[in-house]
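Structure data (mmCIF, C-alpha atoms) from query-v6.cif:
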data_start
loop_
_atom_site.label_atom_id
_atom_site.label_comp_id
_atom_site.auth_asym_id
_atom_site.auth_seq_id
_atom_site.Cartn_x
_atom_site.Cartn_y
_atom_site.Cartn_z
CA MET A 1 -11.86 -6.13 -124.52
CA LYS A 2 -13.22 -8.66 -122.04
CA LEU A 3 -16.05 -10.87 -123.27
CA ILE A 4 -19.34 -10.37 -121.46
CA PRO A 5 -20.60 -13.51 -119.66
CA SER A 6 -23.30 -14.38 -122.20
CA PHE A 7 -20.68 -14.51 -124.97
CA SER A 8 -18.45 -16.84 -122.94
CA ILE A 9 -21.07 -19.59 -123.08
CA ASP A 10 -20.20 -22.36 -125.52
CA HIS A 11 -23.07 -22.04 -127.98
CA THR A 12 -22.07 -25.31 -129.66
CA LYS A 13 -23.01 -27.16 -126.45
CA ILE A 14 -26.01 -25.23 -125.13
CA VAL A 15 -29.40 -26.91 -125.25
CA PRO A 16 -32.85 -25.38 -124.84
CA GLY A 17 -33.47 -24.65 -121.17
CA ILE A 18 -33.52 -22.06 -118.40
CA PHE A 19 -30.16 -20.66 -117.31
CA VAL A 20 -28.90 -17.95 -114.98
CA SER A 21 -27.18 -15.49 -117.27
CA ARG A 22 -26.13 -12.99 -114.58
CA VAL A 23 -26.88 -11.85 -111.04
CA ASP A 24 -26.53 -8.17 -110.15
CA THR A 25 -26.92 -6.18 -106.95
CA ILE A 26 -28.45 -2.74 -107.39
CA ASN A 27 -29.18 -0.57 -104.33
CA ASP A 28 -29.02 -3.64 -102.05
CA SER A 29 -31.50 -5.51 -104.27
CA THR A 30 -30.64 -8.66 -106.20
CA ILE A 31 -31.66 -8.79 -109.85
CA THR A 32 -31.27 -12.00 -111.86
CA THR A 33 -31.22 -12.29 -115.64
CA TYR A 34 -32.28 -15.67 -117.05
CA ASP A 35 -31.51 -17.04 -120.49
CA VAL A 36 -34.70 -18.82 -121.58
CA ARG A 37 -33.32 -20.74 -124.54
CA VAL A 38 -36.11 -22.07 -126.78
CA THR A 39 -34.08 -23.52 -129.66
CA THR A 40 -30.60 -25.01 -130.04
CA PRO A 41 -28.27 -22.27 -131.31
CA ASN A 42 -26.72 -22.82 -134.73
CA LYS A 43 -28.45 -26.20 -135.15
CA GLU A 44 -32.13 -25.27 -135.33
CA PRO A 45 -33.44 -22.38 -137.38
CA ALA A 46 -33.96 -19.11 -135.52
CA ILE A 47 -37.49 -18.55 -134.28
CA ASP A 48 -39.67 -16.88 -136.90
CA VAL A 49 -39.52 -13.12 -136.23
CA ALA A 50 -43.29 -12.59 -136.26
CA ALA A 51 -43.84 -15.61 -134.00
CA MET A 52 -41.12 -14.33 -131.64
CA HIS A 53 -42.85 -10.96 -131.48
CA SER A 54 -46.19 -12.65 -130.67
CA LEU A 55 -44.54 -14.81 -127.99
CA GLU A 56 -43.02 -11.68 -126.47
CA HIS A 57 -46.44 -10.01 -126.20
CA ILE A 58 -48.37 -13.05 -124.95
CA ILE A 59 -45.83 -14.25 -122.40
CA ALA A 60 -45.00 -10.74 -121.11
CA THR A 61 -48.73 -10.26 -120.49
CA PHE A 62 -48.98 -13.63 -118.77
CA LEU A 63 -45.96 -13.03 -116.54
CA ARG A 64 -47.03 -9.54 -115.48
CA ASN A 65 -50.44 -10.90 -114.50
CA ASP A 66 -49.33 -14.07 -112.69
CA PRO A 67 -50.56 -13.66 -109.08
CA GLU A 68 -47.48 -15.32 -107.54
CA TRP A 69 -44.75 -13.76 -109.69
CA LYS A 70 -46.06 -10.44 -111.10
CA ASP A 71 -44.26 -8.33 -108.49
CA GLU A 72 -40.94 -10.05 -109.29
CA ILE A 73 -41.06 -9.49 -113.06
CA ILE A 74 -38.81 -6.72 -114.38
CA TYR A 75 -38.43 -7.62 -118.06
CA TRP A 76 -39.30 -10.25 -120.67
CA GLY A 77 -37.91 -9.84 -124.17
CA PRO A 78 -36.34 -11.64 -127.14
CA MET A 79 -32.67 -12.37 -127.71
CA GLY A 80 -31.17 -10.75 -130.76
CA CYS A 81 -30.18 -14.16 -132.13
CA LEU A 82 -33.84 -15.26 -132.03
CA THR A 83 -33.12 -18.48 -130.14
CA GLY A 84 -34.83 -17.47 -126.91
CA PHE A 85 -35.73 -14.76 -124.43
CA TYR A 86 -34.31 -12.92 -121.46
CA LEU A 87 -36.31 -12.84 -118.25
CA ILE A 88 -35.20 -10.44 -115.53
CA LEU A 89 -36.57 -11.01 -112.03
CA LYS A 90 -36.14 -9.44 -108.63
CA GLY A 91 -34.31 -11.83 -106.30
CA ASP A 92 -32.04 -14.77 -106.90
CA HIS A 93 -34.04 -17.86 -107.83
CA ALA A 94 -32.53 -21.06 -109.15
CA PRO A 95 -33.70 -21.89 -112.68
CA GLN A 96 -35.53 -24.92 -111.27
CA GLU A 97 -37.64 -22.53 -109.15
CA ILE A 98 -38.96 -20.70 -112.23
CA HIS A 99 -39.40 -23.84 -114.35
CA GLY A 100 -43.08 -24.14 -113.36
CA LEU A 101 -43.74 -20.47 -114.07
CA LEU A 102 -42.23 -20.69 -117.55
CA LEU A 103 -43.98 -23.96 -118.28
CA LYS A 104 -47.32 -22.30 -117.41
CA ALA A 105 -46.41 -19.22 -119.45
CA PHE A 106 -45.56 -21.18 -122.58
CA ARG A 107 -48.62 -23.45 -122.13
CA SER A 108 -50.82 -20.32 -121.85
CA VAL A 109 -49.96 -19.37 -125.44
CA ASP A 110 -52.21 -22.20 -126.65
CA ASP A 111 -55.21 -20.46 -125.05
CA ALA A 112 -54.52 -17.12 -126.74
CA LYS A 113 -57.23 -16.03 -129.18
CA ILE A 114 -55.45 -12.75 -129.96
CA VAL A 115 -52.02 -11.26 -129.40
CA PRO A 116 -52.39 -8.68 -126.60
CA GLY A 117 -51.29 -5.19 -127.60
CA ALA A 118 -51.08 -6.04 -131.31
CA GLU A 119 -52.77 -2.85 -132.42
CA GLU A 120 -51.20 0.19 -134.06
CA LYS A 121 -51.67 2.36 -130.97
CA ASN A 122 -50.03 -0.26 -128.68
CA CYS A 123 -47.19 -1.76 -130.74
CA GLY A 124 -44.33 -0.38 -132.81
CA ASN A 125 -44.74 -3.09 -135.47
CA TYR A 126 -48.31 -4.25 -134.98
CA LEU A 127 -48.54 -6.03 -138.35
CA MET A 128 -45.58 -8.29 -137.57
CA HIS A 129 -47.28 -11.05 -135.56
CA ASN A 130 -47.92 -14.72 -136.21
CA LEU A 131 -50.14 -16.33 -133.58
CA PRO A 132 -50.35 -19.81 -135.17
CA MET A 133 -46.54 -20.09 -135.34
CA ALA A 134 -46.21 -18.67 -131.81
CA LYS A 135 -48.52 -21.44 -130.61
CA TRP A 136 -46.41 -24.05 -132.40
CA TYR A 137 -43.12 -22.84 -130.88
CA ALA A 138 -44.68 -22.49 -127.42
CA ALA A 139 -46.17 -26.00 -127.46
CA LYS A 140 -42.88 -27.51 -128.64
CA TYR A 141 -40.91 -25.72 -125.90
CA ALA A 142 -43.48 -26.45 -123.16
CA ASP A 143 -43.43 -30.16 -124.04
CA TYR A 144 -39.62 -30.06 -123.94
CA LEU A 145 -39.59 -28.34 -120.53
CA ALA A 146 -42.10 -30.83 -119.14
CA SER A 147 -40.25 -33.89 -120.38
CA ASN A 148 -36.82 -32.60 -119.26
CA SER A 149 -37.68 -31.22 -115.82
CA ASP A 150 -35.26 -33.69 -114.18
CA ASN A 151 -32.46 -33.09 -116.68
CA PRO A 152 -29.75 -30.89 -115.08
CA LYS A 153 -28.44 -29.89 -118.55
CA ILE A 154 -31.46 -27.63 -119.09
CA PHE A 155 -30.59 -25.61 -115.97
CA GLU A 156 -26.81 -25.24 -116.17
CA TYR A 157 -24.84 -23.35 -118.81
CA PRO A 158 -22.04 -25.20 -120.56
CA LYS A 159 -18.85 -23.16 -120.27
CA THR A 160 -16.41 -22.45 -123.07
CA GLU A 161 -13.19 -24.29 -122.36
CA ARG A 162 -10.10 -22.27 -123.23
CA LEU A 163 -6.66 -23.74 -123.65
CA VAL A 164 -4.15 -22.29 -121.19
CA THR A 165 -0.42 -22.21 -121.95
CA ASP A 166 2.21 -23.30 -119.42
CA ASP A 167 2.79 -19.67 -118.46
CA GLY A 168 -0.94 -19.11 -117.77
CA GLN A 169 -1.99 -17.29 -120.93
CA GLN A 170 -5.40 -18.16 -122.36
CA PHE A 171 -5.64 -19.24 -125.98
CA PHE A 172 -8.50 -17.61 -127.92
CA ASP A 173 -9.43 -18.78 -131.37
CA SER A 174 -10.33 -16.16 -133.95
#

As structure tokens:
Amino acid sequence: MKLIPSFSIDHTKIVPGIFVSRVDTINDSTITTYDVRVTTPNKEPAIDVAAMHSLEHIIATFLRNDPEWKDEIIYWGPMGCLTGFYLILKGDHAPQEIHGLLLKAFRSVDDAKIVPGAEEKNCGNYLMHNLPMAKWYAAKYADYLASNSDNPKIFEYPKTERLVTDDGQQFFDS
């Protein structure tokens, strides 16, 4: 079975950043999925589950209310590996174009007094939130984004390099 693009990324080389994961065309509309990587995979601990859940709620609310971008937002949600989020937008924007939006979104977490939608009637696991830890992760990532805005490594996926035999067959390790 062919690996999907997100599993062909060399996770031993990826750094926190904003990456284009895939670009799709649906009914003549372009949809772009971004990998918003908050921690370094397999080197830093996964993001605390309750903090991740709080970040999902706070940032989804921010994005869907941003006057410039709200009509472009399709989805914001956590990665299963708990190292970041997926953002799906209408259009095809370079990661550098959404850097400012994500910087504002993560900075907005510091202003949160509550987690929006963290009530039993609004959330499937309303008790699993951690606002203080969400603020810590958000501040750390926002500072990282701000100090690395000129670093091309935070905008471009590293690719897995596969050995190719003389007859053109790819070598895959197990």

Protein, DNA and RNA residues within 12 Å of (-54.8, -8.2, -131.3), only C-alpha atoms, as a PyMOL selection string: chain A and resi 54+57-58+112-123+126-131

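The spacing separating CA of Thr40 in chain A from CA of Leu145 in chain A amounts to 13.5 Å.
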
Please provide as a PDB file with C-alpha atoms, keeping the file's coordinate frame all residues within 8 Å of Gln96 in chain A, with the sequence filter that same-chain residues fewer than 4 positions apart are discarded (counting only C-alpha atoms).
ATOM      1  CA  ILE A  18     -33.520 -22.060-118.400  1.00  0.00           C
ATOM      2  CA  GLY A 100     -43.080 -24.140-113.360  1.00  0.00           C
ATOM      3  CA  PHE A 155     -30.590 -25.610-115.970  1.00  0.00           C
TER       4      PHE A 155
END

CA of Ala46 in chain A to CA of Pro132 in chain A, straight-line distance in Å: 16.4 Å

Resolved residues for the PyMOL selection byres ((chain A and resi 153) around 12) as a PyMOL selection string: chain A and resi 13-19+37+95-96+145+148-152+154-159

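The set of residues that the PyMOL selection byres ((chain A and resi 106) around 9) takes from this file is Leu55, Ile58, Ile59, Leu101, Leu102, Leu103, Lys104, Ala105, Arg107, Ser108, Val109, Asp110, Lys135, Tyr137, Ala138, Ala139, Tyr141 and Ala142 of chain A.
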